Amino acid sequence: MNRKNLLKLLFAGQVLFSFSGNAQVKISGNPIVKDKFTADPAALVDNGTVYIYAGHDEAPTREQRYVMNEWLCYSSTDMVNWKEHPSPLNTKNFTWAKGDAWASQVIKKGNKYYWYVAVEHGTIHGKAIGVAVSDSPTGPFTDARGSAIITNDMTRDTKISWDDIDPSVFIDDDGQAYLFWGNTFCYYAKLKDNMTELDGPIMKVNLPTKFTEAPWVHKRKNWYYLSYSIEFPEKTVYAMSKSINGPWEFKGTINEIAGNCNTNHHAIIDFKGKSYFVYHNGALVPDAGSFHRSVCIDDLKYNSDGTIKRIVMTSEGVKAVK
């Protein structure tokens, strides 16, 4: 095997090394995708399968800027073996947008799958949030509105043009859906049953720390958890509350700064009796890792009082579940 083909297989995670002609070790673990750069992961558990939706970092080698035009989709039934599906969504699917396939999240309600994305608006200055819909978790997805659900002129608490990014949707036990998003300020609003319209005013989350971006909401044993990124380079912290409307009590850091990557974007899921922390780092490249990111997964564990133990970032990743 020549060097070029060896490297190609190595980055695909398929090389087997033999020691003394006997035992073989398969390269796997983190990052879970090694043949392309994946970023800003969100995760969905549906019918015994985990789906990861990620942005695609496509910047040329060593180039330090975001080049992102599509979203990617991967699925697994054991958290170790991942199948890539054809890209189910592209910025071109939103005729009102002009690019930047930034962070997103897919959530299921009824028999439909809704994909909330951050893009650059074509006519309204700044970032905006759109929503696409599909009958399948792997698409194809189509624009559900024909317009943005959130635009930069709807939030005026900061002068930056990228405060309307990182959408995350949470559906409470009573069926009420909430859209969280933001940069510098964390915003949230109720969604109507159709999942494509706001159902009331945009509100600000009153957090006990400064907020940078990347909110994620989940619920466990009557506790609401809001995790998010702070500072720059970013680390992931979290707060807890007995109500989706707060007050939120700060609990500490979940994930430290990811080496070789300025951003910290994550998802938290439960699957087959275990909890997982899905995030990205810059592990596949020696430089410009902030613009060539890669999705990783590690175990997430709780203390007896419901607080979250710090994530231990590993290159080995997680073990397969049955």
# chains A, B, ... in the order shown; residues from 1 in each chain; ligands from 1
>>> residues_around(residues="Gly99 of chain A", least_positions_apart="5", cutoff="8 Å", atoms="only C-alpha atoms", output="ChimeraX atom specification")
/A:68-69,91-92,119-121
>>> write_last_selection(atoms="all heavy atoms", output="PDB file, in the first residue's frame")
ATOM      1  N   MET A  68     -18.701  27.440   5.268  1.00  0.00           N
ATOM      2  CA  MET A  68     -19.703  26.424   5.595  1.00  0.00           C
ATOM      3  C   MET A  68     -20.921  26.627   4.710  1.00  0.00           C
ATOM      4  O   MET A  68     -21.575  27.669   4.767  1.00  0.00           O
ATOM      5  CB  MET A  68     -20.088  26.516   7.077  1.00  0.00           C
ATOM      6  CG  MET A  68     -18.901  26.486   8.034  1.00  0.00           C
ATOM      7  SD  MET A  68     -19.359  26.651   9.770  1.00  0.00           S
ATOM      8  CE  MET A  68     -19.988  24.998  10.089  1.00  0.00           C
ATOM      9  N   ASN A  69     -21.233  25.626   3.894  1.00  0.00           N
ATOM     10  CA  ASN A  69     -22.326  25.748   2.928  1.00  0.00           C
ATOM     11  C   ASN A  69     -23.417  24.697   3.082  1.00  0.00           C
ATOM     12  O   ASN A  69     -24.479  24.829   2.474  1.00  0.00           O
ATOM     13  CB  ASN A  69     -21.758  25.666   1.505  1.00  0.00           C
ATOM     14  CG  ASN A  69     -20.759  26.767   1.218  1.00  0.00           C
ATOM     15  OD1 ASN A  69     -21.088  27.949   1.297  1.00  0.00           O
ATOM     16  ND2 ASN A  69     -19.531  26.390   0.897  1.00  0.00           N
ATOM     17  N   THR A  91     -27.602  25.589   2.411  1.00  0.00           N
ATOM     18  CA  THR A  91     -28.074  26.970   2.524  1.00  0.00           C
ATOM     19  C   THR A  91     -28.923  27.376   1.321  1.00  0.00           C
ATOM     20  O   THR A  91     -29.792  28.247   1.431  1.00  0.00           O
ATOM     21  CB  THR A  91     -26.892  27.937   2.664  1.00  0.00           C
ATOM     22  OG1 THR A  91     -25.998  27.762   1.562  1.00  0.00           O
ATOM     23  CG2 THR A  91     -26.148  27.697   3.967  1.00  0.00           C
ATOM     24  N   LYS A  92     -28.702  26.741   0.172  1.00  0.00           N
ATOM     25  CA  LYS A  92     -29.476  27.075  -1.020  1.00  0.00           C
ATOM     26  C   LYS A  92     -30.937  26.660  -0.902  1.00  0.00           C
ATOM     27  O   LYS A  92     -31.776  27.119  -1.685  1.00  0.00           O
ATOM     28  CB  LYS A  92     -28.842  26.430  -2.254  1.00  0.00           C
ATOM     29  CG  LYS A  92     -27.471  27.002  -2.599  1.00  0.00           C
ATOM     30  CD  LYS A  92     -26.884  26.322  -3.822  1.00  0.00           C
ATOM     31  CE  LYS A  92     -25.508  26.892  -4.158  1.00  0.00           C
ATOM     32  NZ  LYS A  92     -24.892  26.212  -5.332  1.00  0.00           N
ATOM     33  N   VAL A 119     -28.223  31.102   9.530  1.00  0.00           N
ATOM     34  CA  VAL A 119     -27.674  31.447   8.218  1.00  0.00           C
ATOM     35  C   VAL A 119     -27.526  32.966   8.111  1.00  0.00           C
ATOM     36  O   VAL A 119     -28.014  33.714   8.961  1.00  0.00           O
ATOM     37  CB  VAL A 119     -28.587  30.945   7.069  1.00  0.00           C
ATOM     38  CG1 VAL A 119     -28.623  29.427   7.015  1.00  0.00           C
ATOM     39  CG2 VAL A 119     -29.999  31.512   7.222  1.00  0.00           C
ATOM     40  N   GLU A 120     -26.874  33.401   7.051  1.00  0.00           N
ATOM     41  CA  GLU A 120     -26.802  34.830   6.757  1.00  0.00           C
ATOM     42  C   GLU A 120     -28.011  35.208   5.909  1.00  0.00           C
ATOM     43  O   GLU A 120     -28.284  34.592   4.877  1.00  0.00           O
ATOM     44  CB  GLU A 120     -25.515  35.152   6.006  1.00  0.00           C
ATOM     45  CG  GLU A 120     -25.303  36.625   5.738  1.00  0.00           C
ATOM     46  CD  GLU A 120     -24.888  37.423   6.962  1.00  0.00           C
ATOM     47  OE1 GLU A 120     -24.500  36.813   7.982  1.00  0.00           O
ATOM     48  OE2 GLU A 120     -24.941  38.676   6.900  1.00  0.00           O
ATOM     49  N   HIS A 121     -28.756  36.221   6.355  1.00  0.00           N
ATOM     50  CA  HIS A 121     -29.944  36.629   5.612  1.00  0.00           C
ATOM     51  C   HIS A 121     -29.556  37.369   4.342  1.00  0.00           C
ATOM     52  O   HIS A 121     -28.560  38.097   4.310  1.00  0.00           O
ATOM     53  CB  HIS A 121     -30.835  37.516   6.485  1.00  0.00           C
ATOM     54  CG  HIS A 121     -32.256  37.539   6.040  1.00  0.00           C
ATOM     55  ND1 HIS A 121     -32.687  38.271   4.947  1.00  0.00           N
ATOM     56  CD2 HIS A 121     -33.363  36.919   6.528  1.00  0.00           C
ATOM     57  CE1 HIS A 121     -33.981  38.105   4.785  1.00  0.00           C
ATOM     58  NE2 HIS A 121     -34.421  37.284   5.744  1.00  0.00           N
TER      59      HIS A 121
END
>>> atom_distance(atom1="atom CA of Met240 of chain A", atom2="atom CA of Ile257 of chain A")
21.3 Å
>>> closest_atom_pairs(of="segment 190-255 of chain A", to="segment 301-305 of chain A", cutoff="12 Å", atoms="only C-alpha atoms", output="JSON lines")
{"residue": "A:Arg220", "atom": "CA", "partner": "A:Tyr302", "partner_atom": "CA", "distance": 10.2}
{"residue": "A:Lys221", "atom": "CA", "partner": "A:Asp305", "partner_atom": "CA", "distance": 10.4}
{"residue": "A:Asn222", "atom": "CA", "partner": "A:Asp305", "partner_atom": "CA", "distance": 11.9}
{"residue": "A:Trp223", "atom": "CA", "partner": "A:Asp305", "partner_atom": "CA", "distance": 10.4}
{"residue": "A:Tyr225", "atom": "CA", "partner": "A:Tyr302", "partner_atom": "CA", "distance": 11.9}
{"residue": "A:Met240", "atom": "CA", "partner": "A:Asp305", "partner_atom": "CA", "distance": 11.4}
{"residue": "A:Lys251", "atom": "CA", "partner": "A:Asp305", "partner_atom": "CA", "distance": 11.5}
{"residue": "A:Ile254", "atom": "CA", "partner": "A:Lys301", "partner_atom": "CA", "distance": 10.3}
>>> residues_around(residues="Gly146 of chain A", least_positions_apart="2", cutoff="10 Å", atoms="only C-alpha atoms", output="compact mmCIF listing (two decimals) with all heavy atoms, in the first residue's frame")
# COMPACT_ATOMS: atom_id res chain seq x y z
N ASN A 93 -31.25 25.78 0.08
CA ASN A 93 -32.64 25.41 0.30
C ASN A 93 -33.47 26.57 0.85
O ASN A 93 -34.70 26.53 0.82
CB ASN A 93 -32.75 24.23 1.26
CG ASN A 93 -32.20 22.94 0.68
OD1 ASN A 93 -31.19 22.43 1.13
ND2 ASN A 93 -32.86 22.42 -0.34
N PHE A 94 -32.78 27.60 1.36
CA PHE A 94 -33.45 28.78 1.87
C PHE A 94 -33.21 29.92 0.87
O PHE A 94 -32.13 30.53 0.86
CB PHE A 94 -32.92 29.15 3.25
CG PHE A 94 -33.09 28.05 4.27
CD1 PHE A 94 -32.05 27.17 4.55
CD2 PHE A 94 -34.30 27.90 4.94
CE1 PHE A 94 -32.21 26.16 5.48
CE2 PHE A 94 -34.46 26.89 5.88
CZ PHE A 94 -33.42 26.01 6.15
N THR A 95 -34.19 30.18 0.04
CA THR A 95 -34.01 31.15 -1.04
C THR A 95 -33.76 32.56 -0.51
O THR A 95 -33.20 33.40 -1.21
CB THR A 95 -35.24 31.17 -1.95
OG1 THR A 95 -36.41 31.48 -1.16
CG2 THR A 95 -35.45 29.82 -2.61
N TRP A 96 -34.16 32.84 0.72
CA TRP A 96 -34.00 34.17 1.31
C TRP A 96 -32.64 34.33 1.98
O TRP A 96 -32.30 35.42 2.45
CB TRP A 96 -35.11 34.42 2.34
CG TRP A 96 -35.30 33.27 3.30
CD1 TRP A 96 -36.17 32.22 3.16
CD2 TRP A 96 -34.59 33.05 4.52
NE1 TRP A 96 -36.04 31.36 4.22
CE2 TRP A 96 -35.08 31.85 5.07
CE3 TRP A 96 -33.58 33.74 5.20
CZ2 TRP A 96 -34.60 31.32 6.27
CZ3 TRP A 96 -33.09 33.23 6.38
CH2 TRP A 96 -33.61 32.03 6.90
N GLY A 130 -33.68 30.04 10.38
CA GLY A 130 -34.70 29.45 9.54
C GLY A 130 -35.09 28.08 10.06
O GLY A 130 -34.44 27.53 10.96
N VAL A 131 -36.15 27.52 9.50
CA VAL A 131 -36.57 26.17 9.90
C VAL A 131 -36.99 25.39 8.66
O VAL A 131 -37.72 25.90 7.81
CB VAL A 131 -37.71 26.22 10.95
CG1 VAL A 131 -38.90 27.04 10.46
CG2 VAL A 131 -38.16 24.81 11.33
N ALA A 132 -36.49 24.17 8.56
CA ALA A 132 -36.84 23.27 7.48
C ALA A 132 -37.60 22.08 8.07
O ALA A 132 -37.54 21.82 9.28
CB ALA A 132 -35.59 22.80 6.74
N THR A 142 -37.03 20.57 3.48
CA THR A 142 -37.40 21.75 2.69
C THR A 142 -37.75 22.90 3.62
O THR A 142 -38.16 22.69 4.77
CB THR A 142 -38.61 21.45 1.77
OG1 THR A 142 -39.72 21.02 2.59
CG2 THR A 142 -38.27 20.36 0.77
N ASP A 143 -37.59 24.11 3.13
CA ASP A 143 -37.91 25.30 3.90
C ASP A 143 -39.37 25.24 4.34
O ASP A 143 -40.29 25.12 3.52
CB ASP A 143 -37.64 26.54 3.05
CG ASP A 143 -37.76 27.84 3.84
OD1 ASP A 143 -38.20 27.80 5.00
OD2 ASP A 143 -37.41 28.89 3.28
N ALA A 144 -39.61 25.32 5.64
CA ALA A 144 -40.97 25.18 6.18
C ALA A 144 -41.77 26.46 6.14
O ALA A 144 -43.00 26.43 6.28
CB ALA A 144 -40.90 24.67 7.62
N ALA A 148 -37.47 33.67 7.21
CA ALA A 148 -36.81 33.39 8.49
C ALA A 148 -37.81 33.49 9.64
O ALA A 148 -38.74 34.30 9.61
CB ALA A 148 -35.66 34.37 8.71
N ILE A 149 -37.60 32.69 10.66
CA ILE A 149 -38.43 32.79 11.85
C ILE A 149 -37.89 33.85 12.81
O ILE A 149 -38.63 34.48 13.56
CB ILE A 149 -38.54 31.41 12.55
CG1 ILE A 149 -39.58 31.46 13.69
CG2 ILE A 149 -37.20 30.92 13.05
CD1 ILE A 149 -39.89 30.08 14.28
>>> closest_residue(among="A:Thr158, A:Gln64, A:Thr151, A:Asn111", to="Lys127 of chain A", atoms="only C-alpha atoms")
A:Thr151
>>> atom_distance(atom1="atom CA of Ala267 of chain A", atom2="atom CA of Thr314 of chain A")
16.5 Å
>>> residues_around(residues="segment 56-58 of chain A", least_positions_apart="4", cutoff="7 Å", atoms="only C-alpha atoms", output="PDB file with all heavy atoms, in the first residue's frame")
ATOM      1  N   PHE A  37     -14.281  17.533   7.852  1.00  0.00           N
ATOM      2  CA  PHE A  37     -14.381  18.329   9.069  1.00  0.00           C
ATOM      3  C   PHE A  37     -15.847  18.588   9.410  1.00  0.00           C
ATOM      4  O   PHE A  37     -16.629  19.032   8.567  1.00  0.00           O
ATOM      5  CB  PHE A  37     -13.625  19.640   8.917  1.00  0.00           C
ATOM      6  CG  PHE A  37     -12.146  19.447   8.698  1.00  0.00           C
ATOM      7  CD1 PHE A  37     -11.560  19.789   7.489  1.00  0.00           C
ATOM      8  CD2 PHE A  37     -11.344  18.910   9.702  1.00  0.00           C
ATOM      9  CE1 PHE A  37     -10.208  19.607   7.283  1.00  0.00           C
ATOM     10  CE2 PHE A  37      -9.989  18.725   9.501  1.00  0.00           C
ATOM     11  CZ  PHE A  37      -9.413  19.069   8.291  1.00  0.00           C
ATOM     12  N   THR A  38     -16.207  18.321  10.664  1.00  0.00           N
ATOM     13  CA  THR A  38     -17.587  18.445  11.131  1.00  0.00           C
ATOM     14  C   THR A  38     -17.621  19.349  12.356  1.00  0.00           C
ATOM     15  O   THR A  38     -16.724  19.295  13.200  1.00  0.00           O
ATOM     16  CB  THR A  38     -18.163  17.069  11.486  1.00  0.00           C
ATOM     17  OG1 THR A  38     -17.267  16.402  12.398  1.00  0.00           O
ATOM     18  CG2 THR A  38     -18.325  16.212  10.231  1.00  0.00           C
ATOM     19  N   ALA A  39     -18.664  20.164  12.471  1.00  0.00           N
ATOM     20  CA  ALA A  39     -18.686  21.180  13.534  1.00  0.00           C
ATOM     21  C   ALA A  39     -20.089  21.413  14.061  1.00  0.00           C
ATOM     22  O   ALA A  39     -21.083  21.050  13.423  1.00  0.00           O
ATOM     23  CB  ALA A  39     -18.119  22.492  12.989  1.00  0.00           C
ATOM     24  N   TYR A  66     -14.394  30.856   8.476  1.00  0.00           N
ATOM     25  CA  TYR A  66     -15.439  29.849   8.342  1.00  0.00           C
ATOM     26  C   TYR A  66     -15.927  29.780   6.900  1.00  0.00           C
ATOM     27  O   TYR A  66     -16.350  30.794   6.337  1.00  0.00           O
ATOM     28  CB  TYR A  66     -16.625  30.175   9.261  1.00  0.00           C
ATOM     29  CG  TYR A  66     -16.287  30.098  10.727  1.00  0.00           C
ATOM     30  CD1 TYR A  66     -16.347  31.229  11.536  1.00  0.00           C
ATOM     31  CD2 TYR A  66     -15.920  28.891  11.314  1.00  0.00           C
ATOM     32  CE1 TYR A  66     -16.039  31.161  12.885  1.00  0.00           C
ATOM     33  CE2 TYR A  66     -15.614  28.812  12.664  1.00  0.00           C
ATOM     34  CZ  TYR A  66     -15.667  29.952  13.445  1.00  0.00           C
ATOM     35  OH  TYR A  66     -15.368  29.870  14.777  1.00  0.00           O
ATOM     36  N   VAL A  67     -15.865  28.599   6.325  1.00  0.00           N
ATOM     37  CA  VAL A  67     -16.466  28.335   5.022  1.00  0.00           C
ATOM     38  C   VAL A  67     -17.409  27.158   5.230  1.00  0.00           C
ATOM     39  O   VAL A  67     -16.989  26.012   5.366  1.00  0.00           O
ATOM     40  CB  VAL A  67     -15.411  28.003   3.951  1.00  0.00           C
ATOM     41  CG1 VAL A  67     -16.097  27.701   2.616  1.00  0.00           C
ATOM     42  CG2 VAL A  67     -14.416  29.153   3.800  1.00  0.00           C
ATOM     43  N   MET A  68     -18.701  27.440   5.268  1.00  0.00           N
ATOM     44  CA  MET A  68     -19.703  26.424   5.595  1.00  0.00           C
ATOM     45  C   MET A  68     -20.921  26.627   4.710  1.00  0.00           C
ATOM     46  O   MET A  68     -21.575  27.669   4.767  1.00  0.00           O
ATOM     47  CB  MET A  68     -20.088  26.516   7.077  1.00  0.00           C
ATOM     48  CG  MET A  68     -18.901  26.486   8.034  1.00  0.00           C
ATOM     49  SD  MET A  68     -19.359  26.651   9.770  1.00  0.00           S
ATOM     50  CE  MET A  68     -19.988  24.998  10.089  1.00  0.00           C
ATOM     51  N   GLU A  70     -23.160  23.654   3.865  1.00  0.00           N
ATOM     52  CA  GLU A  70     -24.132  22.577   3.992  1.00  0.00           C
ATOM     53  C   GLU A  70     -24.068  21.984   5.392  1.00  0.00           C
ATOM     54  O   GLU A  70     -23.125  22.226   6.149  1.00  0.00           O
ATOM     55  CB  GLU A  70     -23.846  21.479   2.958  1.00  0.00           C
ATOM     56  CG  GLU A  70     -22.498  20.784   3.178  1.00  0.00           C
ATOM     57  CD  GLU A  70     -22.225  19.688   2.171  1.00  0.00           C
ATOM     58  OE1 GLU A  70     -23.078  19.452   1.304  1.00  0.00           O
ATOM     59  OE2 GLU A  70     -21.144  19.062   2.265  1.00  0.00           O
ATOM     60  N   TRP A  71     -25.108  21.199   5.701  1.00  0.00           N
ATOM     61  CA  TRP A  71     -25.137  20.453   6.944  1.00  0.00           C
ATOM     62  C   TRP A  71     -25.033  18.969   6.637  1.00  0.00           C
ATOM     63  O   TRP A  71     -25.495  18.505   5.584  1.00  0.00           O
ATOM     64  CB  TRP A  71     -26.412  20.746   7.717  1.00  0.00           C
ATOM     65  CG  TRP A  71     -26.489  22.153   8.212  1.00  0.00           C
ATOM     66  CD1 TRP A  71     -25.991  22.657   9.385  1.00  0.00           C
ATOM     67  CD2 TRP A  71     -27.111  23.268   7.552  1.00  0.00           C
ATOM     68  NE1 TRP A  71     -26.258  23.998   9.499  1.00  0.00           N
ATOM     69  CE2 TRP A  71     -26.944  24.405   8.384  1.00  0.00           C
ATOM     70  CE3 TRP A  71     -27.780  23.426   6.338  1.00  0.00           C
ATOM     71  CZ2 TRP A  71     -27.433  25.659   8.042  1.00  0.00           C
ATOM     72  CZ3 TRP A  71     -28.256  24.667   5.984  1.00  0.00           C
ATOM     73  CH2 TRP A  71     -28.091  25.769   6.833  1.00  0.00           C
ATOM     74  N   LEU A  72     -24.446  18.217   7.547  1.00  0.00           N
ATOM     75  CA  LEU A  72     -24.216  16.795   7.365  1.00  0.00           C
ATOM     76  C   LEU A  72     -25.043  16.002   8.371  1.00  0.00           C
ATOM     77  O   LEU A  72     -25.446  16.524   9.412  1.00  0.00           O
ATOM     78  CB  LEU A  72     -22.731  16.468   7.552  1.00  0.00           C
ATOM     79  CG  LEU A  72     -21.765  17.266   6.672  1.00  0.00           C
ATOM     80  CD1 LEU A  72     -20.320  16.950   7.063  1.00  0.00           C
ATOM     81  CD2 LEU A  72     -22.005  16.960   5.197  1.00  0.00           C
ATOM     82  N   PHE A 291     -11.262  26.421  12.563  1.00  0.00           N
ATOM     83  CA  PHE A 291     -12.010  26.498  11.313  1.00  0.00           C
ATOM     84  C   PHE A 291     -12.020  25.154  10.580  1.00  0.00           C
ATOM     85  O   PHE A 291     -12.526  25.051   9.472  1.00  0.00           O
ATOM     86  CB  PHE A 291     -11.416  27.595  10.427  1.00  0.00           C
ATOM     87  CG  PHE A 291     -11.311  28.910  11.142  1.00  0.00           C
ATOM     88  CD1 PHE A 291     -10.135  29.308  11.750  1.00  0.00           C
ATOM     89  CD2 PHE A 291     -12.422  29.734  11.256  1.00  0.00           C
ATOM     90  CE1 PHE A 291     -10.042  30.513  12.434  1.00  0.00           C
ATOM     91  CE2 PHE A 291     -12.349  30.938  11.943  1.00  0.00           C
ATOM     92  CZ  PHE A 291     -11.154  31.327  12.537  1.00  0.00           C
ATOM     93  N   HIS A 292     -11.440  24.133  11.236  1.00  0.00           N
ATOM     94  CA  HIS A 292     -11.451  22.764  10.715  1.00  0.00           C
ATOM     95  C   HIS A 292     -11.736  21.840  11.897  1.00  0.00           C
ATOM     96  O   HIS A 292     -10.864  21.142  12.393  1.00  0.00           O
ATOM     97  CB  HIS A 292     -10.108  22.421  10.065  1.00  0.00           C
ATOM     98  CG  HIS A 292      -9.759  23.286   8.901  1.00  0.00           C
ATOM     99  ND1 HIS A 292      -8.998  24.430   9.010  1.00  0.00           N
ATOM    100  CD2 HIS A 292     -10.103  23.194   7.589  1.00  0.00           C
ATOM    101  CE1 HIS A 292      -8.868  24.989   7.815  1.00  0.00           C
ATOM    102  NE2 HIS A 292      -9.530  24.267   6.943  1.00  0.00           N
ATOM    103  N   ARG A 293     -12.997  21.856  12.320  1.00  0.00           N
ATOM    104  CA  ARG A 293     -13.365  21.183  13.559  1.00  0.00           C
ATOM    105  C   ARG A 293     -13.863  19.765  13.320  1.00  0.00           C
ATOM    106  O   ARG A 293     -14.156  19.375  12.189  1.00  0.00           O
ATOM    107  CB  ARG A 293     -14.434  22.025  14.275  1.00  0.00           C
ATOM    108  CG  ARG A 293     -13.930  23.402  14.697  1.00  0.00           C
ATOM    109  CD  ARG A 293     -15.043  24.395  14.946  1.00  0.00           C
ATOM    110  NE  ARG A 293     -15.774  24.744  13.721  1.00  0.00           N
ATOM    111  CZ  ARG A 293     -16.770  25.600  13.669  1.00  0.00           C
ATOM    112  NH1 ARG A 293     -17.190  26.190  14.781  1.00  0.00           N
ATOM    113  NH2 ARG A 293     -17.365  25.877  12.528  1.00  0.00           N
TER     114      ARG A 293
END
>>> atom_distance(atom1="atom CA of Ile160 of chain A", atom2="atom CA of Tyr224 of chain A")
29.2 Å
>>> residues_around(residues="Val285 of chain A", least_positions_apart="5", cutoff="12 Å", atoms="only C-alpha atoms", output="PyMOL selection string")
chain A and resi 11+31+34-37+61-63+259-261+290-294
>>> select_by_dssp(residues="segment 193-264 of chain A", states="strand (DSSP E or B)", output="PyMOL selection string")
chain A and resi 198+203-204+213-220+223-230+235-241+249-255
>>> residues_around(residues="segment 316-319 of chain A", least_positions_apart="3", cutoff="9 Å", atoms="only C-alpha atoms", output="list in words")
Ser28, Gly29, Asn30, Pro31, Ile32, Asp78, Met79, Val80, Tyr276, Cys296, Ile297, Asp298, Asp299 and Met313 of chain A
>>> write_last_selection(atoms="N, CA and C atoms", output="tab-separated table (two decimals), in the first residue's frame")
chain	number	residue	atom	x	y	z
A	28	SER	N	-10.09	4.04	15.98
A	28	SER	CA	-11.47	4.52	16.06
A	28	SER	C	-11.50	5.61	17.12
A	29	GLY	N	-12.63	5.78	17.78
A	29	GLY	CA	-12.71	6.77	18.85
A	29	GLY	C	-12.93	8.16	18.31
A	30	ASN	N	-12.42	9.15	19.03
A	30	ASN	CA	-12.62	10.56	18.69
A	30	ASN	C	-11.49	11.10	17.84
A	31	PRO	N	-11.83	11.97	16.89
A	31	PRO	CA	-13.17	12.35	16.43
A	31	PRO	C	-13.88	11.17	15.74
A	32	ILE	N	-15.20	11.22	15.72
A	32	ILE	CA	-15.95	10.10	15.16
A	32	ILE	C	-15.98	10.13	13.64
A	78	ASP	N	-25.22	2.16	17.91
A	78	ASP	CA	-24.37	1.71	19.02
A	78	ASP	C	-23.40	2.77	19.52
A	79	MET	N	-23.44	3.99	18.97
A	79	MET	CA	-22.60	5.12	19.36
A	79	MET	C	-21.14	4.99	18.91
A	80	VAL	N	-20.83	3.94	18.19
A	80	VAL	CA	-19.45	3.73	17.74
A	80	VAL	C	-19.36	3.66	16.22
A	276	TYR	N	-24.66	11.09	27.13
A	276	TYR	CA	-23.52	11.40	26.28
A	276	TYR	C	-23.40	12.90	26.06
A	296	CYS	N	-16.82	14.96	18.37
A	296	CYS	CA	-16.38	13.93	19.31
A	296	CYS	C	-17.53	13.59	20.26
A	297	ILE	N	-17.42	12.45	20.92
A	297	ILE	CA	-18.43	12.03	21.90
A	297	ILE	C	-17.73	11.44	23.11
A	298	ASP	N	-18.15	11.88	24.29
A	298	ASP	CA	-17.66	11.27	25.53
A	298	ASP	C	-18.83	11.07	26.49
A	299	ASP	N	-18.60	10.22	27.48
A	299	ASP	CA	-19.64	9.92	28.46
A	299	ASP	C	-19.93	11.15	29.33
A	313	MET	N	-12.50	14.72	28.28
A	313	MET	CA	-12.34	14.59	26.83
A	313	MET	C	-11.29	13.52	26.53
>>> residues_around(residues="Asn255 of chain A", least_positions_apart="2", cutoff="12 Å", atoms="only C-alpha atoms", output="PyMOL selection string")
chain A and resi 227-230+234-238+252-253+257-259+263-268+277-281+297-300+308-314
